[in-house]
Amino acid sequence: MSALLQIRNLRVAIEGKEILRGVSLDVYAGEVHAIMGPNGSGKSTLAAVLAGREEYEVLEGEVLFDGQNLLEMEPEERARAGLFLAFQYPVEIPGVSMATFLRTALNEVRKARGQEPLDPIQFLSYARERMSWLGMEPDFLQRAVNEGFSGGEKKRGEIFQLLLLEPRLAILDETDSGLDIDALKIVASGVNRMRSPERSFIVITHYQRLLNYIVPDVVHVLFDGRIVRTGGRELALELEERGYDWLRSEGELVLPTLGEQ
Amino acid sequence: MPVQQDEVLQQVTQSEYKYGFVANIEEEIAPVGLNEDIIRFIWERKGEPEWMLEWRLRAYRHWKTMQEPRWAKVVYPPIDYQAISYYAAPKKRHVQSLDEIDPEIRRMFEKLGIPLEEQKLLAGVAVDAVLDSASVATTFKEKLAELGIIFCSMSEAIQKYPELVQKYLGSVVPYTDNFFAALNSAVFSDGSFVYVPPGVRCPMELSTYFRINAARTGQFERTLIIADEGAYVSYLEGCTAPMRDENQLHAAVVELIALDGAEIKYSTVQNWYPGDREGRGGIYNFVTKRGICLGRESKISWTQVETGSAITWKYPSVILKGEGSVGEFYSVAVTNHRQQADTGTKMIHIGRHTRSRIVSKGIAAGHSSNTYRGLVRILRGADYARNYTQCDSLLIGSSCGAHTFPYIEVLNPTAVTEHEAMTSKIGEDMLFYCRQRGISEEDAVALIVNGYCREVLLHLPMEFAVEAQKLLAISLEGSVG
Amino acid sequence: MAAELLEHLREQFLRLEQTSSEPSELLQQRRRALEALLQRGFPTTRHEDWKYTSLAPVLRYRYEVGAPASEELPSLSMVQGLPQPQLWLLDGVPHVHELPAGVELRTAERFALNGARREPLPGQLVDVEGDAFVALNTAFAPVPLTLTMRESLPMPMHIGVVTQADAVPRLGQPRLLMSVASGTSAALIFSFAHHGANPSLTNAVFELLLQPNAALDVLLWQDGLADAFAVTTLAARLESGARLRVWTLSFSGALVRNNVYIRLAGGAADAQLYGVTMATGQRLVDHHTRVEHEAEGCSSNQLYKSLAQERATVNFTGRIYVHPGAQRTNAYQAHRALLLSTQATVNARPQLEIYADDVRCTHGAAVGNLDEQALFYLRSRGIPEAQARKLLLYAFVREPLEALPSDALRELAERSLAEHIQLPIEEFA
């Protein structure tokens with residue numbers, strides 16, 4: 001069986017500056033991968049390119065999602081194929097209610113899966129059930145998309161959308177940043193609830209803390225646009241203890257050989 | 001509001017202008033051209049009293065001395081006023097009851113979603129249907145009459161309520177007001193008339209549905225609404241026209257009068273044929289709408305959703321004369337392809353403690369031009385007057401233009417006026433967020449634009465709000481990608 | 001009235017033309033300008049640009065053009081505290097006191113004779129024939145000048161603009177084309193004054209060319225105009241990366257019209273316009289701005305604050321114009337005014353005209369009165385009402401001065417403003 005997501009030697013630039021300098025990664029169905037790395041290492045760029053942001057320029061490489069050429073797909077086609085990005089900074093859309101937004105999105109995704117669209121009543125009960133899992137306020141659906149949400153509410157909203165849309169691959173871009181421990185637990189419980197043999201996760205984070213609650217199968221260290229280390233959970237703990245600086249010297253030694261692989 | 005989103009999105013994929021058909025109705029059409037004989041012709045056909053002829057002729061003679069205004073930011077070839085027919089009316093129109101309406105007309109209005117049978121109507125909406133120059137049907141008349149509310153065609157009002165018409169016709173928009181108002185005063189053939197007696201709250205929405213059908217005609221309707229002391233009325237106006245390659249002229253006049261403590265809410269969903277992608281055809285919409293808050297604590301509120309017409313020239317205004325009176329203007333104007341809109345409002349504060357509020361949302365796409373033009377004038381005696389204005393514009397694509405031209409004139413030191421405007425591009429981040437959730441770019445635009453206009457749409461009666469949302473989506477078709 | 005003045009001007013022109021020794025090219029430009037003026041006449045309130053400003057009080061007098069025979073500098077006191085001007089423009093005629101290093105002053109006459117024209121002639125940035133006051137200036141400006149700044153100026157250069165109407169009503173018409181070299185920076189202070197018992201009209205046209213990455217600060221300090229009339233037109237073209245800041249301090253003059261026209265012609269240029277207006281008595285002050293974004297990535301900001309007292313009128317018309325293709329534009333504009341008397345008037349026309357989509361443009365206009373709560377607060381602390389009022393007026397209107405390039409200048413401007421509000425200087429120092 002081939003991997004759900006296959007990234008081959010991906011090189012990406014923005015405004016002429018190369019950010020990802022040859023990333024390769026396989027994520028199999030059911031796996032949880034954590035990608036760690038210092039600020040500016042390219043973690044969020046990887047998430048953005050996978051989701052289809054147009055300002056990034058792919059210089060080289062290939063990404064297959066369930067066998068399809070992901071880089072040729074429009075952002076909405078990727079979403080309908082089951083790729084979900086939990087945004088680090090979810091955007092506010094004034095005047096558009098969460099209910100309108102999410103029902104539109106959900107019905108698009110359902111249509112792509114060959115399912116019947118949900119009418120407003122069905123949608124409401126479907127959504128409310130998932131809201132209760134995350135302990136969300138009932139007025140959430142009536143509020144404008146992310147407008148006036150606190151940082152924690154926004155992140156919880158992203159996880160709620162993950163529960164709603166049931167993607168095959170969810171990419172969590174620094175979902176833990178700015179969350180207190182209680183909010184972190186709620187977010188993690190939402191993710192853990194969704195873990196299944198068919199569904200994969202890429203958890204992008206700066207800190208090890210989140211990985212106490214979402215236990216990854218594989219941990220990668222992204223450094224200066226390349227994956228310099230891959231290991232098990234213990235790698236995250238090592239990073240926690242030693243920081244990222246030790247990779248700097250090691251990176252220089254290790255990189256050439258990794259790059260040639 | 002969320003409930004209708006699906007329908008909105010389904011509409012996006014449908015035809016560009018679905019009201020563009022021509023109905024085959026037998027009509028009597030006046031000879032092309034304009035002169036005193038034509039005015040007499042109209043006057044005779046309508047069997048009006050002598051004073052109407054005099055008024056019409058005075059207006060016509062004044063019109064001949066006037067120049068067509070060219071200050072608006074719209075461009076169009078000269079209009080040949082002698083090439084238009086000023087009167088067209090269905091031959092079979094003198095009906096005693098709704099059952100006698102020409103089946104062709106009935107079918108046409110049904111196709112437009114405006115059934116004329118009372119039992120089929122949406123609960124709580126009475127309709128006056130105006131086809132070309134003539135009112136063809138008014139529903140729920142008897143029920144309204146029980147409350148003393150007069151809701152009829154203008155022709156009928158001139159016959160039956162001459163004292164009211166004579167007192168108020170031209171009192172807010174005199175025929176000397178502007179070129180198009182003068183023209184309308186000379187040749188108007190029908191329209192709606194509403195009178196709500198003191199203390200009566202009109203229990204249902206009153207609605208006029210305007211339809212231009214005949215070719216080479218103009219439509220010149222005249223609407224007069226009077227809310228007596230303590231009365232309340234909500235009035236809706238909708239409009240469509242067939243798709244034709246030629247431009248057609250629509251020059252209406254609407255006058256609203258609110259006496260002490262009265263409130264008039266006037267809503268428009270303007271969907272005249274906008275012309276095709278290249279700008280061929282479409283309605284020239286030159287409309288004068290003005291209300292006066294004559295009484296203390298009276299209120300006039302205009303809400304408009306302008307999606308149609310090749311050219312829109314329209315400034316629904318309020319003269320705030322009564323102490324403590326309130327004027328409101330909520331507007332969404334969408335232009336796409338080659339459409340041009342120059343629209344806004346005037347708030348003239350005369351009385352003390354008068355307040356006005358303006359919220360305008362302009363959305364420009366394609367090669368269109370979208371202008372907000374507004375006046376807030378606080379006169380010397382308008383102590384403690386307040387105005388708040390917010391006018392925002394959204395640009396979709398780099399070939400359109402969005403412009404904002406407010407005029408603020410303050411002559412009273414206790415008044416406070418505030419004007420804010422912002423013009424920006426549709427948010428790339430918002431579009432991407434929607435698309436990452438599986439929503440297509442075009443649907444995302446419709447969604448975001450609807451959200452952008454929400455503050456205005458909220459002021460529309462429910463039935464119209466749904467219609468307006470769909471229209472916004474349809475109007476913006478093909479604006480991205 | 002206007003017809004008499006025009007006829008009077010025409011006669012003077014014919015006389016001047018006969019005795020002129022100017023090159024034919026310049027004379028032709030003058031004649032074309034005069035003909036345009038005679039044909040179009042002065043604008044009336046039917047002209048959209050003059051809707052709120054009637055020129056009737058200005059056009060009542062038969063002004064003498066050109067400079068009086070005497071070439072002596074009158075004893076003039078310009079803005080208190082400023083060093084004496086290095087350059088005087090008396091009735092439009094230059095009197096050089098001392099030019100800073102790196103600054104070149106030439107007459108357009110010599111310039112035209114030179115033949116080797118590396119820099120454009122006057123009239124590049126203004127509408128010579130369509131704008132009545134530019135036409136008037138072009139036809140009669142006694143000595144059109146070019147001022148070239150080749151090096152950065154360490155100190156602001158002070159230019160005194162004086163119109164002298166001792167014997168007769170006079171039209172003073174300075175005409176200046178300024179150019180700031182690439183990568184240099186300078187500050188120019190124009191202080192305006194009227195002299196004499198007769199009415200005067202100062203009609204100044206200043207054109208500014210900012211080469212790439214040049215930076216210029218300009219102060220139009222209208223402090224000494226008394227009851228005279230003034231129309232100033234400042235038009236600037238900014239090449240890429242250039243920065244321009246203009247302050248218009250309008251504290252005097254019976255009828256003053258200030259036009260500031262900016263073209264952001266090169267990428268990433270930036271313009272900041274500030275205005276402080278203090279209108280009392282029967283004064284009429286009319287600000288017109290037009291900021292055109294022609295290139296990508298430019299920014300502009302306008303902040304005008306005004307006080308209208310007694311029977312005064314303050315008009316503001318400001319336009320942000322974004323040309324097609326001028327993407328990534330950021331443009332802001334605000335006019336805030338306090339209307340302080342039942343006889344005073346404020347008219348505002350903030351305008352956006354936008355033909356590019358990747359923009360963020362805002363404008364705001366507010367007219368109101370003093371914050372009664374703040375007033376009460378000050379009074380509750382023992383400050384007499386009249387004093388408290390002035391303090392609040394001063395606090396409201398001074399905001400645009402904050403960005404002035406030096407503390408010394410800011411203090412001078414604040415002092416001048418305080419004097420006009422009749423706020424004793426010690427109260428806030």
# chains A, B, ... in the order shown; residues from 1 in each chain; ligands from 1
call {"tool": "interface_residues", "arguments": {"of": "chain C", "to": "chain B", "cutoff": "6 Å", "atoms": "only C-alpha atoms", "output": "JSON list (two decimals) with C-alpha atoms, in the first residue's frame"}}
result
[["chain", "number", "residue", "atom", "x", "y", "z"],
["C", 339, "LEU", "CA", -17.62, 74.27, 14.40],
["C", 340, "LEU", "CA", -17.77, 76.76, 17.23],
["C", 341, "SER", "CA", -20.29, 79.41, 16.36],
["C", 342, "THR", "CA", -23.82, 79.72, 15.08],
["C", 345, "THR", "CA", -19.65, 76.99, 8.46],
["C", 346, "VAL", "CA", -17.71, 73.85, 7.64],
["C", 347, "ASN", "CA", -17.98, 72.10, 4.28],
["C", 348, "ALA", "CA", -16.15, 68.88, 3.60],
["C", 349, "ARG", "CA", -15.80, 66.80, 0.49],
["C", 351, "GLN", "CA", -13.30, 61.94, -2.25],
["C", 352, "LEU", "CA", -12.04, 58.57, -3.39],
["C", 353, "GLU", "CA", -11.63, 57.76, -7.05],
["C", 354, "ILE", "CA", -10.18, 54.32, -7.45],
["C", 355, "TYR", "CA", -9.28, 52.32, -10.54],
["C", 356, "ALA", "CA", -7.04, 49.59, -9.09],
["C", 357, "ASP", "CA", -8.18, 46.78, -6.85],
["C", 358, "ASP", "CA", -5.24, 45.94, -4.62],
["C", 359, "VAL", "CA", -5.69, 49.01, -2.51],
["C", 360, "ARG", "CA", -6.58, 50.11, 0.92],
["C", 361, "CYS", "CA", -7.98, 53.61, 0.91],
["C", 362, "THR", "CA", -9.91, 55.31, 3.63],
["C", 363, "HIS", "CA", -11.20, 58.73, 4.32],
["C", 364, "GLY", "CA", -12.99, 60.25, 7.20],
["C", 365, "ALA", "CA", -14.60, 63.60, 7.80],
["C", 366, "ALA", "CA", -16.06, 64.72, 11.06],
["C", 367, "VAL", "CA", -17.60, 67.97, 12.18],
["C", 368, "GLY", "CA", -18.52, 68.51, 15.76]]
call {"tool": "interface_residues", "arguments": {"of": "chain A", "to": "chain B", "cutoff": "9 Å", "atoms": "only C-alpha atoms", "output": "ChimeraX atom specification"}}
result
/A:51-53,74-81,83-85,87,90-109,119-120,142,144,161,165
call {"tool": "write_last_selection", "arguments": {"atoms": "N, CA and C atoms", "output": "short mmCIF file (atom, residue, chain, number, x, y, z; two decimals), in the first residue's frame"}}
result
data_model
loop_
_atom_site.label_atom_id
_atom_site.label_comp_id
_atom_site.auth_asym_id
_atom_site.auth_seq_id
_atom_site.Cartn_x
_atom_site.Cartn_y
_atom_site.Cartn_z
N ALA A 51 -1.86 23.12 1.25
CA ALA A 51 -3.26 23.57 1.14
C ALA A 51 -3.52 24.36 -0.15
N GLY A 52 -2.45 24.84 -0.81
CA GLY A 52 -2.64 25.47 -2.11
C GLY A 52 -2.58 26.97 -2.14
N ARG A 53 -1.86 27.57 -1.22
CA ARG A 53 -1.73 29.04 -1.28
C ARG A 53 -0.93 29.42 -2.51
N GLU A 74 -6.82 22.85 -7.40
CA GLU A 74 -7.24 24.10 -6.78
C GLU A 74 -7.41 23.86 -5.28
N PRO A 75 -7.32 24.91 -4.47
CA PRO A 75 -7.47 24.73 -3.03
C PRO A 75 -8.77 24.00 -2.67
N GLU A 76 -9.88 24.36 -3.33
CA GLU A 76 -11.15 23.72 -2.96
C GLU A 76 -11.19 22.26 -3.40
N GLU A 77 -10.47 21.94 -4.48
CA GLU A 77 -10.42 20.52 -4.90
C GLU A 77 -9.65 19.69 -3.87
N ARG A 78 -8.61 20.28 -3.33
CA ARG A 78 -7.84 19.59 -2.30
C ARG A 78 -8.72 19.35 -1.07
N ALA A 79 -9.48 20.37 -0.71
CA ALA A 79 -10.35 20.24 0.46
C ALA A 79 -11.38 19.15 0.23
N ARG A 80 -11.95 19.14 -0.97
CA ARG A 80 -12.98 18.15 -1.27
C ARG A 80 -12.40 16.75 -1.33
N ALA A 81 -11.12 16.66 -1.70
CA ALA A 81 -10.45 15.35 -1.73
C ALA A 81 -10.09 14.88 -0.32
N LEU A 83 -8.32 16.99 2.20
CA LEU A 83 -7.18 17.62 2.87
C LEU A 83 -7.68 18.82 3.65
N PHE A 84 -7.35 18.85 4.92
CA PHE A 84 -7.85 19.91 5.80
C PHE A 84 -6.67 20.60 6.46
N LEU A 85 -6.74 21.93 6.47
CA LEU A 85 -5.72 22.69 7.18
C LEU A 85 -6.37 23.45 8.34
N PHE A 87 -5.85 26.40 10.39
CA PHE A 87 -5.00 27.58 10.19
C PHE A 87 -4.38 28.05 11.49
N PRO A 90 -6.69 31.85 11.82
CA PRO A 90 -7.96 31.78 11.07
C PRO A 90 -8.49 33.19 10.77
N VAL A 91 -8.93 33.40 9.54
CA VAL A 91 -9.30 34.73 9.10
C VAL A 91 -10.73 35.05 9.53
N GLU A 92 -11.00 36.31 9.78
CA GLU A 92 -12.35 36.76 10.14
C GLU A 92 -13.11 37.13 8.88
N ILE A 93 -14.35 36.70 8.77
CA ILE A 93 -15.18 37.09 7.63
C ILE A 93 -16.44 37.76 8.17
N PRO A 94 -16.46 39.08 8.20
CA PRO A 94 -17.59 39.78 8.82
C PRO A 94 -18.89 39.51 8.07
N GLY A 95 -19.97 39.40 8.84
CA GLY A 95 -21.29 39.29 8.23
C GLY A 95 -21.68 37.91 7.78
N VAL A 96 -20.72 36.97 7.74
CA VAL A 96 -21.05 35.61 7.30
C VAL A 96 -21.09 34.72 8.55
N SER A 97 -22.25 34.12 8.80
CA SER A 97 -22.35 33.33 10.03
C SER A 97 -21.60 32.01 9.87
N MET A 98 -21.14 31.50 10.98
CA MET A 98 -20.46 30.21 11.00
C MET A 98 -21.36 29.14 10.38
N ALA A 99 -22.66 29.21 10.70
CA ALA A 99 -23.59 28.20 10.20
C ALA A 99 -23.63 28.21 8.67
N THR A 100 -23.77 29.39 8.11
CA THR A 100 -23.81 29.51 6.64
C THR A 100 -22.53 28.97 6.03
N PHE A 101 -21.44 29.45 6.58
CA PHE A 101 -20.13 29.09 6.07
C PHE A 101 -19.91 27.57 6.13
N LEU A 102 -20.20 27.00 7.29
CA LEU A 102 -19.87 25.59 7.48
C LEU A 102 -20.84 24.67 6.73
N ARG A 103 -22.10 25.08 6.65
CA ARG A 103 -23.02 24.22 5.91
C ARG A 103 -22.67 24.23 4.42
N THR A 104 -22.29 25.41 3.93
CA THR A 104 -21.86 25.49 2.53
C THR A 104 -20.65 24.58 2.32
N ALA A 105 -19.67 24.71 3.21
CA ALA A 105 -18.45 23.91 3.08
C ALA A 105 -18.76 22.42 3.18
N LEU A 106 -19.54 22.07 4.21
CA LEU A 106 -19.83 20.65 4.44
C LEU A 106 -20.55 20.04 3.24
N ASN A 107 -21.52 20.77 2.71
CA ASN A 107 -22.27 20.22 1.58
C ASN A 107 -21.41 20.11 0.32
N GLU A 108 -20.47 21.00 0.16
CA GLU A 108 -19.52 20.85 -0.96
C GLU A 108 -18.71 19.57 -0.80
N VAL A 109 -18.22 19.38 0.42
CA VAL A 109 -17.38 18.21 0.68
C VAL A 109 -18.21 16.92 0.54
N ASP A 119 -29.84 19.34 4.94
CA ASP A 119 -30.67 20.54 5.01
C ASP A 119 -30.37 21.25 6.34
N PRO A 120 -30.89 22.46 6.50
CA PRO A 120 -30.51 23.24 7.69
C PRO A 120 -30.77 22.51 9.00
N GLN A 142 -24.08 31.04 15.28
CA GLN A 142 -24.72 32.29 14.87
C GLN A 142 -23.70 33.43 14.72
N ALA A 144 -20.39 35.53 13.45
CA ALA A 144 -19.72 35.66 12.15
C ALA A 144 -18.40 34.89 12.21
N GLN A 161 -14.20 22.40 13.03
CA GLN A 161 -14.37 22.22 11.58
C GLN A 161 -13.76 20.90 11.12
N LEU A 165 -15.91 18.20 9.07
CA LEU A 165 -15.61 17.88 7.67
C LEU A 165 -14.99 16.50 7.51
#
call {"tool": "residues_around", "arguments": {"residues": "Glu104 (chain C)", "least_positions_apart": "2", "cutoff": "7 Å", "atoms": "only C-alpha atoms", "output": "PyMOL selection string"}}
result
chain C and resi 102+106+147-149
call {"tool": "residues_around", "arguments": {"residues": "region 185-187 of chain A", "least_positions_apart": "5", "cutoff": "9 Å", "atoms": "only C-alpha atoms", "output": "PyMOL selection string"}}
result
chain A and resi 133-135+155-156+159-160+175-176+180+192+210+213
call {"tool": "write_last_selection", "arguments": {"atoms": "N, CA, C and O atoms", "output": "compact mmCIF listing (two decimals), in the first residue's frame"}}
result
# COMPACT_ATOMS: atom_id res chain seq x y z
N TRP A 133 -18.94 17.97 21.90
CA TRP A 133 -17.69 17.26 22.18
C TRP A 133 -16.59 18.21 22.62
O TRP A 133 -15.71 17.85 23.37
N LEU A 134 -16.65 19.42 22.09
CA LEU A 134 -15.60 20.39 22.41
C LEU A 134 -16.06 21.41 23.44
O LEU A 134 -15.35 22.38 23.73
N GLY A 135 -17.26 21.18 23.98
CA GLY A 135 -17.78 22.10 25.00
C GLY A 135 -17.96 23.51 24.50
O GLY A 135 -17.62 24.48 25.17
N LYS A 155 -8.93 28.67 17.66
CA LYS A 155 -8.29 27.36 17.51
C LYS A 155 -9.30 26.25 17.73
O LYS A 155 -9.32 25.24 17.02
N ARG A 156 -10.17 26.44 18.69
CA ARG A 156 -11.20 25.44 18.96
C ARG A 156 -12.13 25.34 17.75
O ARG A 156 -12.55 24.25 17.36
N ILE A 159 -10.65 23.13 15.14
CA ILE A 159 -10.77 21.71 15.45
C ILE A 159 -12.22 21.25 15.26
O ILE A 159 -12.50 20.16 14.76
N PHE A 160 -13.14 22.15 15.58
CA PHE A 160 -14.56 21.84 15.35
C PHE A 160 -14.80 21.59 13.86
O PHE A 160 -15.50 20.66 13.47
N THR A 175 -1.45 24.73 16.04
CA THR A 175 -2.75 24.85 16.69
C THR A 175 -2.59 25.07 18.19
O THR A 175 -3.48 25.59 18.85
N ASP A 176 -1.42 24.72 18.72
CA ASP A 176 -1.22 24.87 20.16
C ASP A 176 -0.74 26.25 20.57
O ASP A 176 -0.80 26.61 21.74
N ASP A 180 -3.88 28.00 26.55
CA ASP A 180 -3.54 27.56 27.90
C ASP A 180 -3.77 26.05 28.00
O ASP A 180 -4.27 25.42 27.06
N ASN A 192 -7.80 13.55 19.04
CA ASN A 192 -7.69 12.12 19.38
C ASN A 192 -8.96 11.36 19.05
O ASN A 192 -8.93 10.20 18.65
N LEU A 210 2.28 19.92 23.13
CA LEU A 210 1.08 19.39 22.50
C LEU A 210 1.19 17.88 22.32
O LEU A 210 0.20 17.15 22.38
N TYR A 213 -0.22 15.25 24.53
CA TYR A 213 -1.66 14.96 24.44
C TYR A 213 -2.03 14.31 23.11
O TYR A 213 -2.96 13.53 23.03
call {"tool": "select_by_dssp", "arguments": {"residues": "region 13-179 of chain C", "states": "helix (DSSP H, G or I)", "output": "PyMOL selection string"}}
result
chain C and resi 13-19+24-40+48-50+108-114+132-140
call {"tool": "write_last_selection", "arguments": {"atoms": "C-alpha atoms", "output": "mmCIF file, in the first residue's frame"}}
result
data_model
loop_
_atom_site.group_PDB
_atom_site.id
_atom_site.type_symbol
_atom_site.label_atom_id
_atom_site.label_comp_id
_atom_site.auth_asym_id
_atom_site.auth_seq_id
_atom_site.Cartn_x
_atom_site.Cartn_y
_atom_site.Cartn_z
ATOM 1 C CA PHE C 13 -0.520 92.742 -20.107
ATOM 2 C CA LEU C 14 -0.411 94.727 -23.338
ATOM 3 C CA ARG C 15 1.788 97.352 -21.689
ATOM 4 C CA LEU C 16 4.111 94.778 -20.182
ATOM 5 C CA GLU C 17 4.355 92.864 -23.404
ATOM 6 C CA GLN C 18 5.549 95.914 -25.274
ATOM 7 C CA THR C 19 8.415 96.580 -22.926
ATOM 8 C CA SER C 24 9.635 84.760 -27.302
ATOM 9 C CA GLU C 25 9.006 81.285 -25.967
ATOM 10 C CA LEU C 26 8.193 82.616 -22.521
ATOM 11 C CA LEU C 27 6.176 85.485 -23.914
ATOM 12 C CA GLN C 28 4.122 83.073 -25.961
ATOM 13 C CA GLN C 29 3.394 80.976 -22.896
ATOM 14 C CA ARG C 30 2.313 84.125 -21.079
ATOM 15 C CA ARG C 31 0.045 85.172 -23.897
ATOM 16 C CA ARG C 32 -1.599 81.748 -24.139
ATOM 17 C CA ALA C 33 -2.211 81.781 -20.399
ATOM 18 C CA LEU C 34 -3.732 85.261 -20.544
ATOM 19 C CA GLU C 35 -5.986 84.318 -23.430
ATOM 20 C CA ALA C 36 -7.161 81.231 -21.569
ATOM 21 C CA LEU C 37 -7.892 83.337 -18.517
ATOM 22 C CA LEU C 38 -9.758 85.988 -20.493
ATOM 23 C CA GLN C 39 -11.753 83.360 -22.270
ATOM 24 C CA ARG C 40 -12.712 81.286 -19.245
ATOM 25 C CA GLU C 48 -17.465 72.170 -8.789
ATOM 26 C CA ASP C 49 -13.966 73.052 -7.536
ATOM 27 C CA TRP C 50 -15.198 76.398 -6.210
ATOM 28 C CA ALA C 108 13.379 81.023 -16.060
ATOM 29 C CA GLU C 109 14.369 83.750 -18.485
ATOM 30 C CA ARG C 110 18.013 82.853 -18.274
ATOM 31 C CA PHE C 111 17.041 79.273 -18.177
ATOM 32 C CA ALA C 112 15.181 79.536 -21.445
ATOM 33 C CA LEU C 113 17.992 81.479 -23.061
ATOM 34 C CA ASN C 114 20.457 78.840 -22.002
ATOM 35 C CA ALA C 132 -7.559 80.333 -13.771
ATOM 36 C CA PHE C 133 -5.088 81.134 -11.010
ATOM 37 C CA VAL C 134 -2.272 79.183 -12.581
ATOM 38 C CA ALA C 135 -3.018 80.987 -15.833
ATOM 39 C CA LEU C 136 -2.999 84.327 -14.017
ATOM 40 C CA ASN C 137 0.338 83.507 -12.470
ATOM 41 C CA THR C 138 1.794 82.229 -15.729
ATOM 42 C CA ALA C 139 0.730 85.348 -17.565
ATOM 43 C CA PHE C 140 2.096 87.838 -15.060
#
call {"tool": "select_by_dssp", "arguments": {"residues": "region 212-398 of chain C", "states": "strand (DSSP E or B)", "output": "PyMOL selection string"}}
result
chain C and resi 215-224+229-238+243-250+255-264+270-279+284-293+299-308+313-322+329-339+345-354+359-368
call {"tool": "residues_around", "arguments": {"residues": "Pro38 (chain A)", "least_positions_apart": "3", "cutoff": "8 Å", "atoms": "only C-alpha atoms", "output": "NGL selection string"}}
result
:A and (41 or 206 or 222-223 or 244)
call {"tool": "atom_distance", "arguments": {"atom1": "CA of Glu129 (chain C)", "atom2": "CA of His287 (chain C)"}}
result
21.1 Å
call {"tool": "residues_around", "arguments": {"residues": "Glu129 (chain A)", "least_positions_apart": "5", "cutoff": "12 Å", "atoms": "only C-alpha atoms", "output": "mmCIF file with N, CA, C and O atoms, in the first residue's frame"}}
result
data_model
loop_
_atom_site.group_PDB
_atom_site.id
_atom_site.type_symbol
_atom_site.label_atom_id
_atom_site.label_comp_id
_atom_site.auth_asym_id
_atom_site.auth_seq_id
_atom_site.Cartn_x
_atom_site.Cartn_y
_atom_site.Cartn_z
ATOM 1 N N GLN A 122 -30.955 19.169 9.539
ATOM 2 C CA GLN A 122 -29.982 18.078 9.686
ATOM 3 C C GLN A 122 -28.613 18.629 10.058
ATOM 4 O O GLN A 122 -27.912 18.082 10.914
ATOM 5 N N PHE A 123 -28.259 19.706 9.388
ATOM 6 C CA PHE A 123 -26.948 20.304 9.649
ATOM 7 C C PHE A 123 -26.821 20.717 11.105
ATOM 8 O O PHE A 123 -25.813 20.462 11.759
ATOM 9 N N LEU A 124 -27.895 21.321 11.601
ATOM 10 C CA LEU A 124 -27.860 21.834 12.963
ATOM 11 C C LEU A 124 -27.618 20.720 13.973
ATOM 12 O O LEU A 124 -26.792 20.855 14.876
ATOM 13 N N LEU A 134 -16.654 19.424 22.091
ATOM 14 C CA LEU A 134 -15.604 20.391 22.405
ATOM 15 C C LEU A 134 -16.062 21.408 23.445
ATOM 16 O O LEU A 134 -15.354 22.381 23.729
ATOM 17 N N GLY A 135 -17.259 21.183 23.983
ATOM 18 C CA GLY A 135 -17.776 22.096 25.004
ATOM 19 C C GLY A 135 -17.956 23.511 24.495
ATOM 20 O O GLY A 135 -17.616 24.479 25.168
ATOM 21 N N MET A 136 -18.486 23.643 23.263
ATOM 22 C CA MET A 136 -18.613 24.977 22.685
ATOM 23 C C MET A 136 -19.950 25.612 23.038
ATOM 24 O O MET A 136 -20.936 24.928 23.215
ATOM 25 N N GLU A 137 -19.948 26.948 23.080
ATOM 26 C CA GLU A 137 -21.159 27.697 23.403
ATOM 27 C C GLU A 137 -22.184 27.529 22.281
ATOM 28 O O GLU A 137 -21.819 27.516 21.111
ATOM 29 N N PRO A 138 -23.464 27.445 22.643
ATOM 30 C CA PRO A 138 -24.505 27.228 21.617
ATOM 31 C C PRO A 138 -24.582 28.355 20.571
ATOM 32 O O PRO A 138 -24.985 28.110 19.441
ATOM 33 N N PHE A 160 -13.143 22.152 15.582
ATOM 34 C CA PHE A 160 -14.556 21.844 15.352
ATOM 35 C C PHE A 160 -14.802 21.589 13.864
ATOM 36 O O PHE A 160 -15.504 20.661 13.470
ATOM 37 N N LEU A 163 -13.727 18.204 12.969
ATOM 38 C CA LEU A 163 -14.709 17.188 13.360
ATOM 39 C C LEU A 163 -15.860 17.147 12.360
ATOM 40 O O LEU A 163 -16.428 16.108 12.064
ATOM 41 N N LEU A 164 -16.190 18.319 11.846
ATOM 42 C CA LEU A 164 -17.342 18.449 10.968
ATOM 43 C C LEU A 164 -17.055 17.884 9.589
ATOM 44 O O LEU A 164 -17.868 17.167 9.000
#
call {"tool": "atom_distance", "arguments": {"atom1": "CA of Arg209 (chain A)", "atom2": "CA of Gly37 (chain A)"}}
result
13.5 Å
